[in-house]
Structure formats: structure tokens, C-alpha cells
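Note: the block below is start-v4.txt and it holds compact mmCIF, C-alpha atoms.
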# COMPACT_ATOMS: atom_id res chain seq x y z
CA MET A 1 0.00 0.00 0.00
CA ASN A 2 2.80 2.39 0.91
CA ASP A 3 4.58 1.54 -2.34
CA VAL A 4 1.58 2.90 -4.25
CA VAL A 5 0.98 6.09 -2.22
CA MET A 6 4.49 7.36 -1.69
CA PRO A 7 5.50 7.81 -5.34
CA ARG A 8 2.28 9.79 -5.99
CA THR A 9 3.02 12.11 -3.06
CA GLN A 10 6.54 12.59 -4.28
CA ASP A 11 5.29 13.36 -7.80
CA GLU A 12 2.88 15.95 -6.44
CA SER A 13 5.66 17.58 -4.45
CA VAL A 14 7.90 17.66 -7.50
CA ASN A 15 5.13 19.17 -9.64
CA LEU A 16 4.44 21.84 -7.04
CA ARG A 17 8.14 22.74 -6.85
CA THR A 18 8.25 22.89 -10.63
CA VAL A 19 5.26 25.24 -10.78
CA LEU A 20 6.69 27.47 -8.06
CA ALA A 21 10.04 27.54 -9.78
CA GLN A 22 8.37 28.46 -13.07
CA LEU A 23 6.42 31.29 -11.42
CA LEU A 24 9.56 32.50 -9.71
CA ARG A 25 11.48 32.57 -12.98
CA LYS A 26 8.66 34.62 -14.58
CA ARG A 27 8.09 36.85 -11.58
CA TRP A 28 8.92 39.98 -13.54
CA TRP A 29 6.38 39.06 -16.19
CA ILE A 30 3.77 38.52 -13.49
CA LEU A 31 4.65 41.82 -11.83
CA ALA A 32 4.39 43.60 -15.17
CA GLY A 33 0.95 42.05 -15.76
CA VAL A 34 -0.23 43.20 -12.34
CA VAL A 35 1.03 46.73 -12.97
CA VAL A 36 -0.57 46.95 -16.43
CA SER A 37 -3.90 45.60 -15.18
CA THR A 38 -3.88 47.99 -12.23
CA VAL A 39 -3.21 50.96 -14.49
CA VAL A 40 -5.93 49.93 -16.96
CA PHE A 41 -8.58 49.37 -14.28
CA THR A 42 -7.69 52.56 -12.42
CA ALA A 43 -7.79 54.57 -15.64
CA ALA A 44 -11.17 53.05 -16.52
CA ALA A 45 -12.52 53.93 -13.08
CA HIS A 46 -11.62 57.58 -13.59
CA TRP A 47 -12.20 57.94 -17.33
CA ILE A 48 -15.60 56.27 -17.66
CA THR A 49 -18.36 58.86 -17.51
CA PRO A 50 -19.93 58.60 -14.06
CA VAL A 51 -23.63 57.84 -13.72
CA TYR A 52 -25.45 59.22 -10.69
CA ARG A 53 -28.54 57.74 -9.06
CA VAL A 54 -31.33 59.70 -7.41
CA THR A 55 -34.56 58.41 -5.91
CA VAL A 56 -37.92 59.78 -4.87
CA VAL A 57 -39.70 57.78 -2.18
CA MET A 58 -43.45 58.31 -2.14
CA VAL A 59 -46.57 56.90 -0.56
CA THR A 60 -50.06 56.55 -1.97
CA VAL A 61 -52.50 59.30 -1.03
CA SER A 62 -55.74 57.34 -0.79
CA SER A 63 -56.89 57.61 2.82
CA GLU A 64 -59.04 60.69 2.20
CA ARG A 65 -60.56 59.29 -0.96
CA ASN A 66 -61.12 55.86 0.56
CA SER A 67 -62.83 57.24 3.66
CA LEU A 68 -65.08 59.43 1.52
CA ALA A 69 -65.95 56.62 -0.87
CA GLY A 70 -66.36 54.12 1.96
CA SER A 71 -68.87 56.26 3.86
CA VAL A 72 -70.92 56.77 0.72
CA SER A 73 -70.75 53.08 -0.19
CA GLN A 74 -72.15 52.13 3.20
CA SER A 75 -74.99 54.66 2.96
CA LEU A 76 -76.00 53.71 -0.58
CA GLY A 77 -78.53 50.99 -1.18
CA GLN A 78 -78.94 48.77 -4.22
CA ILE A 79 -80.31 51.63 -6.28
CA GLY A 80 -77.45 53.92 -5.38
CA GLY A 81 -74.88 51.25 -6.14
CA GLY A 82 -76.36 50.68 -9.57
CA LEU A 83 -76.37 54.38 -10.32
CA ALA A 84 -72.77 54.65 -9.15
CA SER A 85 -71.77 51.96 -11.64
CA LEU A 86 -73.68 53.66 -14.46
CA ALA A 87 -72.05 56.98 -13.60
CA GLY A 88 -68.60 55.41 -13.71
CA LEU A 89 -67.92 55.75 -9.98
CA ASN A 90 -65.57 53.31 -8.27
CA VAL A 91 -66.29 53.44 -4.57
CA GLY A 92 -63.64 51.97 -2.31
CA SER A 93 -61.12 51.43 -5.11
CA GLY A 94 -58.00 53.02 -3.64
CA ASP A 95 -55.74 50.21 -4.82
CA SER A 96 -57.02 50.41 -8.40
CA GLU A 97 -56.39 54.16 -8.40
CA THR A 98 -52.82 53.54 -7.23
CA GLN A 99 -52.24 50.99 -9.96
CA GLU A 100 -53.70 53.40 -12.49
CA ALA A 101 -51.29 56.11 -11.35
CA LEU A 102 -48.33 53.71 -11.62
CA GLY A 103 -49.54 52.66 -15.04
CA VAL A 104 -49.63 56.29 -16.15
CA LEU A 105 -46.12 56.87 -14.78
CA ARG A 106 -44.77 53.91 -16.79
CA SER A 107 -46.84 54.64 -19.90
CA ARG A 108 -45.41 55.62 -23.25
CA GLU A 109 -47.72 58.62 -23.65
CA PHE A 110 -46.68 60.10 -20.31
CA GLY A 111 -42.97 59.42 -20.92
CA GLU A 112 -42.92 60.81 -24.45
CA GLN A 113 -44.78 63.94 -23.40
CA PHE A 114 -42.29 64.49 -20.58
CA ILE A 115 -39.37 64.13 -23.00
CA LYS A 116 -40.94 66.61 -25.41
CA ASP A 117 -41.93 69.19 -22.81
CA GLU A 118 -38.54 69.10 -21.07
CA ASN A 119 -36.66 69.04 -24.41
CA LEU A 120 -34.58 66.03 -23.37
CA MET A 121 -33.70 64.77 -26.85
CA PRO A 122 -30.39 66.71 -27.08
CA GLN A 123 -29.38 65.41 -23.66
CA LEU A 124 -30.40 61.82 -24.30
CA PHE A 125 -28.53 61.76 -27.63
CA ALA A 126 -25.73 64.19 -26.85
CA SER A 127 -23.31 62.55 -29.30
CA ASN A 128 -25.68 63.39 -32.17
CA TRP A 129 -26.33 66.96 -31.08
CA ASP A 130 -24.31 70.00 -32.09
CA SER A 131 -24.62 72.48 -29.24
CA ALA A 132 -22.94 75.23 -31.25
CA THR A 133 -25.54 75.22 -34.03
CA GLN A 134 -28.37 73.86 -31.86
CA SER A 135 -29.10 71.20 -34.44
CA TRP A 136 -28.50 67.53 -35.10
CA LYS A 137 -25.14 66.67 -36.62
CA ALA A 138 -25.09 65.87 -40.31
CA GLY A 139 -24.78 62.19 -41.06
CA LYS A 140 -25.77 61.14 -37.56
CA GLY A 141 -29.48 61.04 -38.20
CA VAL A 142 -32.27 62.52 -36.14
CA PRO A 143 -33.32 60.19 -33.29
CA THR A 144 -37.02 59.50 -32.99
CA ILE A 145 -39.19 60.03 -29.94
CA ASN A 146 -39.75 56.27 -29.88
CA LYS A 147 -36.02 55.63 -29.44
CA ALA A 148 -35.86 58.34 -26.81
CA PHE A 149 -38.67 56.75 -24.80
CA ASN A 150 -37.16 53.27 -25.03
CA TYR A 151 -33.83 54.62 -23.80
CA PHE A 152 -35.48 56.61 -21.02
CA ASN A 153 -37.77 53.76 -19.99
CA LYS A 154 -35.17 50.96 -19.95
CA GLY A 155 -31.93 52.67 -19.03
CA ILE A 156 -32.79 55.78 -17.03
CA ARG A 157 -36.11 55.56 -15.17
CA THR A 158 -37.11 52.73 -12.83
CA VAL A 159 -40.29 52.44 -10.76
CA THR A 160 -40.58 49.90 -7.95
CA GLN A 161 -43.30 49.30 -5.38
CA ASP A 162 -42.87 47.64 -1.98
CA ASN A 163 -46.09 45.80 -1.19
CA LYS A 164 -45.11 45.35 2.47
CA THR A 165 -44.50 49.00 3.29
CA GLY A 166 -46.71 50.52 0.60
CA LEU A 167 -43.85 52.78 -0.49
CA THR A 168 -43.11 53.45 -4.14
CA THR A 169 -39.65 54.43 -5.39
CA LEU A 170 -38.94 56.40 -8.55
CA GLN A 171 -35.29 56.06 -9.55
CA ILE A 172 -33.34 58.04 -12.15
CA ASP A 173 -29.84 57.10 -13.34
CA TRP A 174 -28.13 59.82 -15.36
CA ARG A 175 -24.78 61.43 -16.07
CA ASP A 176 -25.84 64.86 -14.79
CA ARG A 177 -26.64 64.55 -11.08
CA ASN A 178 -28.56 67.83 -10.92
CA ALA A 179 -30.61 66.99 -14.00
CA ALA A 180 -31.39 63.55 -12.58
CA ALA A 181 -32.80 65.05 -9.38
CA ALA A 182 -34.81 67.63 -11.33
CA TRP A 183 -36.26 64.96 -13.64
CA ALA A 184 -37.32 62.72 -10.76
CA ASN A 185 -39.09 65.50 -8.88
CA GLN A 186 -40.68 66.85 -12.05
CA LEU A 187 -41.98 63.41 -13.06
CA LEU A 188 -43.79 63.02 -9.76
CA LYS A 189 -45.19 66.54 -9.96
CA ARG A 190 -46.48 65.89 -13.46
CA LEU A 191 -47.99 62.55 -12.43
CA ASN A 192 -49.97 64.18 -9.63
CA ALA A 193 -51.14 66.88 -12.02
CA VAL A 194 -52.31 64.30 -14.56
CA MET A 195 -54.16 62.26 -11.95
CA ARG A 196 -55.79 65.43 -10.56
CA SER A 197 -56.92 66.41 -14.04
CA ARG A 198 -58.36 62.96 -14.64
CA ALA A 199 -60.19 62.96 -11.31
CA ILE A 200 -61.73 66.38 -11.99
CA ALA A 201 -62.82 65.34 -15.49
CA ASN A 202 -64.35 62.11 -14.18
CA ALA A 203 -66.15 63.95 -11.40
CA ASP A 204 -67.57 66.51 -13.85
CA ALA A 205 -68.77 63.76 -16.19
CA SER A 206 -70.35 61.83 -13.30
CA ILE A 207 -72.10 64.92 -11.94
CA ALA A 208 -73.49 65.74 -15.38
CA PHE A 209 -74.84 62.20 -15.77
CA LEU A 210 -76.37 62.15 -12.27
CA GLU A 211 -78.03 65.54 -12.77
CA ARG A 212 -79.66 64.26 -15.95
CA GLU A 213 -80.88 61.18 -14.10
CA LEU A 214 -82.21 63.36 -11.30
CA GLN A 215 -84.40 65.26 -13.76
CA THR A 216 -85.90 62.09 -15.19
CA THR A 217 -87.03 60.39 -11.98
CA SER A 218 -89.64 61.24 -9.35
CA VAL A 219 -89.00 58.29 -7.01
CA VAL A 220 -87.99 59.72 -3.67
CA GLU A 221 -85.54 56.91 -2.81
CA THR A 222 -83.80 57.21 -6.16
CA ARG A 223 -83.58 60.98 -5.93
CA GLU A 224 -82.01 60.74 -2.47
CA ALA A 225 -79.44 58.24 -3.74
CA ILE A 226 -78.62 60.47 -6.71
CA ASN A 227 -78.21 63.51 -4.47
CA ARG A 228 -75.80 61.60 -2.22
CA LEU A 229 -73.79 60.53 -5.25
CA ILE A 230 -73.68 64.10 -6.55
CA GLU A 231 -72.53 65.30 -3.15
CA THR A 232 -69.77 62.68 -3.20
CA GLN A 233 -68.55 63.76 -6.61
CA VAL A 234 -68.59 67.43 -5.63
CA LYS A 235 -66.38 66.59 -2.64
CA GLN A 236 -64.16 64.46 -4.85
CA ARG A 237 -63.75 67.31 -7.30
CA MET A 238 -62.99 69.72 -4.48
CA LEU A 239 -60.36 67.32 -3.09
CA ALA A 240 -58.70 67.04 -6.50
CA ASN A 241 -58.69 70.81 -6.98
CA VAL A 242 -57.07 71.65 -3.65
CA THR A 243 -54.65 68.71 -3.31
CA GLU A 244 -51.44 69.05 -5.31
CA GLU A 245 -50.07 65.68 -4.14
CA TYR A 246 -53.20 63.91 -5.31
CA ALA A 247 -51.92 60.45 -6.27
CA PHE A 248 -48.65 60.23 -4.32
CA ARG A 249 -47.21 62.16 -1.40
CA VAL A 250 -43.44 62.62 -1.27
CA VAL A 251 -41.75 60.91 1.66
CA ASP A 252 -38.19 61.61 0.54
CA PRO A 253 -37.60 63.97 -2.42
CA ALA A 254 -34.83 63.51 -4.96
CA ILE A 255 -31.62 65.31 -4.02
CA ALA A 256 -28.55 65.54 -6.24
CA PRO A 257 -25.76 63.31 -4.88
CA ASP A 258 -22.22 64.54 -4.34
CA ALA A 259 -19.98 64.75 -7.38
CA ASP A 260 -17.66 62.09 -5.96
CA ASP A 261 -20.48 59.64 -5.23
CA PRO A 262 -21.57 58.11 -8.57
CA ALA A 263 -23.53 54.87 -8.78
CA LYS A 264 -21.50 53.75 -11.79
CA PRO A 265 -18.74 52.86 -12.29
CA PRO A 266 -17.78 51.44 -8.86
CA LYS A 267 -14.37 53.10 -8.63
CA PHE A 268 -13.22 51.37 -5.46
CA LEU A 269 -14.11 47.91 -6.78
CA LEU A 270 -12.36 48.59 -10.08
CA GLU A 271 -9.22 49.78 -8.31
CA VAL A 272 -9.20 46.70 -6.08
CA ALA A 273 -10.02 44.33 -8.91
CA GLY A 274 -7.19 45.61 -11.11
CA PRO A 275 -4.25 43.99 -9.23
CA MET A 276 -6.22 40.80 -8.56
CA VAL A 277 -7.23 40.34 -12.19
CA GLY A 278 -3.70 41.14 -13.34
CA LEU A 279 -2.23 38.58 -10.95
CA LEU A 280 -4.65 35.84 -11.95
CA LEU A 281 -4.26 36.44 -15.68
CA SER A 282 -0.45 36.67 -15.47
CA VAL A 283 -0.13 33.45 -13.45
CA ALA A 284 -2.53 31.66 -15.80
CA ALA A 285 -0.57 32.86 -18.85
CA VAL A 286 2.77 31.76 -17.37
CA LEU A 287 1.42 28.30 -16.51
CA MET A 288 -0.18 27.81 -19.93
CA LEU A 289 2.94 28.85 -21.80
CA GLY A 290 5.03 26.34 -19.85
CA PRO A 291 8.72 26.55 -18.97
CA GLY A 292 10.49 29.41 -20.69
CA SER A 293 13.17 28.94 -23.24
CA GLY A 294 16.44 30.74 -23.58
CA ALA A 295 18.98 31.44 -20.89
CA ALA A 296 16.59 30.80 -18.03
CA GLY A 297 15.39 27.53 -19.56
CA THR A 298 18.93 26.40 -20.30
CA ALA A 299 20.09 27.16 -16.82
CA SER A 300 17.27 25.20 -15.21
CA GLY A 301 16.46 22.40 -17.62
CA SER A 302 19.49 21.85 -19.95
CA ARG A 303 22.37 21.82 -17.50
CA PRO A 304 25.17 19.51 -18.82
CA SER A 305 25.80 16.45 -16.71
CA SER A 306 29.22 15.29 -15.66
CA ILE A 307 30.16 11.65 -16.08
For the structure just supplied, provide its representation as C-alpha cells.
Amino acid sequence: MNDVVMPRTQDESVNLRTVLAQLLRKRWWILAGVVVSTVVFTAAAHWITPVYRVTVVMVTVSSERNSLAGSVSQSLGQIGGGLASLAGLNVGSGDSETQEALGVLRSREFGEQFIKDENLMPQLFASNWDSATQSWKAGKGVPTINKAFNYFNKGIRTVTQDNKTGLTTLQIDWRDRNAAAAWANQLLKRLNAVMRSRAIANADASIAFLERELQTTSVVETREAINRLIETQVKQRMLANVTEEYAFRVVDPAIAPDADDPAKPPKFLLEVAGPMVGLLLSVAAVLMLGPGSGAAGTASGSRPSSI
């Protein structure tokens, strides 16, 4: 048994010494690889255009609307509930209103209109824009609003919702930290304005329908239900008119980060990874190339033997 194990152990020891000797002979090559890799990674960390990240944390504003709709829903009978459905009223639908607002925020129409109104095309496609002539460079082509939205939607703006806490986060990643903060805050402001406008329009349409129904019926119970529904819509319209943060209330507004605090690239990780990657690649290259030739190889592997 020992006769089988011992030679293998000796072979492993010899191989290890051979590898170490080979690495030692090529130590200057390995050191050069580490230095080059460190320089490249460090240069990349400082030369790559930094991308900054800003976030707006917000919470749904539905308590006032839900309490108003809930009280009316409890007071309405079967007739009132049917009229509410005909009038397009959704009592007790705070969650659906939140999902509608998030859908609007992610929608193409909302995003494209924001890009147009804020004139973001020259910033999104800066390499194609000539700031001196305020026009698109010849031969580059004029980017379309569709491309701008796809770029903005997939690479710049991110919307996430935490179902446990009920908080929603709007995130913007962009090269200009001040512009990123301004965009995030402006997006939320516009979203609230859109949802307010929709709520007012819906309330006006519902009131108009209910007033027509009120004129066509003489049943006391029905008239009372219609009057309660009209009162609800008047209050809803008033709430939308006076509440700027109609869909979402800001918990933590977007603030421009410090100039030395970009989200990308991770400078510290790149600077640490440079020497490690250089060492690994240099060692792997030395081992794959095998024992060197020339003076070093002759001295170690072709030494003449004396008889």
C-alpha cells in the first residue's frame, strides 16, 4: 500500500516545486501584468463617464378618498350602487387608483410627453447633437421620440413598489446629477397633475350624468341616492382641486448626490479588482505557456551532466 501512495506524493511535491520555480522565474512578467492591469482598471474607473442615481420615495394618497368613498358606499342601497356603476364611480377602489397612477407613470404617452416638454432629446442623444448650431449633426441622423422613450424607460427611469411598506420608489440614473434630481421631482409633480386632471374630469362627467338622471325620476328613494352621489362627486372634485399631491405624497424627495459619489462605475471595486485580475491572468498565462526557453530555460532544464 505504501509503495503505491508514496510515489504519488513525491510526484505531487515535485510538480508543485516545478510550478513554483516556473512562477519565480517569470516573476517579472507577473509583476508587469499586475502593474498593467492595475493601471488599466484605475484609468477606466476615472475615465468612464460617471452615472449618478437619485430616488424619490413616495406613498399613496388614498386615505381621504377611501374614507369618503367608503362612507358613501355604506350609505348607498342597491339603487345607489347601480347608479354609481352607471355613472362610472368606483367606490372603495383606492388600490385600483394607485395601480392606475403607476400605469400612467410607466406609460409611453406620459414618458414621451415628458421628454418633449422638457426638451430632453439633445441630452439623451448628446453625441448626435451639435450644441454650437443647436441642431443635429449631419450624417448622424435625427433620433425619434420612440427611441428616446425606449432609452429613457429601460436605461434611465425605474419604478418599484414595496407591497409590504406601501412605499413606491422612482429612480433616475443619469450622467448629470442635478438633472437627474430635477427629472425625478418633475416626473412626480407631473404625475400628480395628470391624476388630478383625470379625477376632476371624471367627477364633472359623473355629476353631469347624475343631474340628468335626477331630472328624469320622481321616485324619492332614487332621488335621495342620486343627491348623495352628486354630493360625493362634488367633494371628490374639491379634493382634486385643492390637493397638489393627489396620487402620491413625497416621503423623501430627490436630491442631487455629491460629485464624488456616482452609482456607476464602482471606482473602489475597479481599483481593487485591477491587481487581482492582473495577478490571476499573469499566473494563468505563465502556466499555460510552460517553462520558458532561452537562458533561463537552459540554466534550469538543460544543465550539462558530468560523467
Requested in this report: May I ask which of the residues A:Val194, A:Val104, A:Ala263, A:Val59 is the closest one to Thr169 in chain A, counting all atoms listed in the file?
Outcome: A:Val59
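Of the listed residues (A:Val286, A:Val142, A:Leu105, A:Ala247), A:Leu105 comes nearest to Leu170 in chain A; the distances count all atoms listed in the file.
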Query raised in the report: Expressed in Å to a single decimal, how great is the separation between CA of Val35 in chain A and CA of Leu269 in chain A?
Result: 16.4 Å
Report task. Please work out which residues fall within 10 Å of (-45.4, 66.7, -1.3), coordinates as given in the file, with all atoms listed in the file counting, and return them as a list in words. Result -> Met58, Val59, Asn185, Leu188, Lys189, Asn192, Thr243, Glu244, Glu245, Tyr246, Phe248, Arg249, Val250, Val251, Asp252 and Pro253 of chain A
Requested in this report: Find the distance between CA of Thr160 in chain A and CA of Trp174 in chain A and write it in Å to one decimal.
Outcome: 17.6 Å
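Using all atoms listed in the file for every distance, the candidate list A:Asp204, A:Glu221, A:Asp260, A:Glu213 yields A:Asp204 as the residue closest to Arg237 in chain A.
The coordinates place CA of Lys116 in chain A at 8.2 Å from CA of Ile145 in chain A.
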**Report entry** Of the listed residues A:Gly103, A:Ser197, A:Trp136, A:Arg27, that which approaches Val242 in chain A most closely, counting all atoms listed in the file
**Finding:** A:Ser197
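Using only C-alpha atoms, the smallest distance between any of A:Asn163, A:Asn178, A:Thr133, A:Thr168 and Ile255 in chain A comes from A:Asn178.
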Query raised in the report: Which is closest to Met276 in chain A among A:Ser107, A:Thr38, A:Leu16, A:Met121, if we use all atoms listed in the file?
Result: A:Thr38
Query raised in the report: Which protein, DNA or RNA residues are at most 6 Å from (-28.0, 54.0, -9.8) in the file's coordinates when you count only C-alpha atoms, listed as an MDAnalysis selection string?
Result: chainID A and resid 52:53 173 263
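Excluding Val277 in chain A itself and same-chain residues fewer than 6 positions from it, the residues having an atom within 12 Å of it are Ile30, Leu31, Gly33, Val34, Val35, Val36, Ser37, Thr38, Val39, Val40, Phe41, Leu269, Leu270, Glu271, Val283 and Ala284 of chain A, counting all atoms listed in the file.
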Query raised in the report: Can you tell me, as an MDAnalysis selection string, what residues are no more than 12 Å from Phe152 in chain A when counting all atoms listed in the file, ignoring any on the same chain fewer than 5 positions away?
Result: chainID A and resid 106:108 110:112 114:115 120:121 123:125 145:147 157:158 171:174 180 183
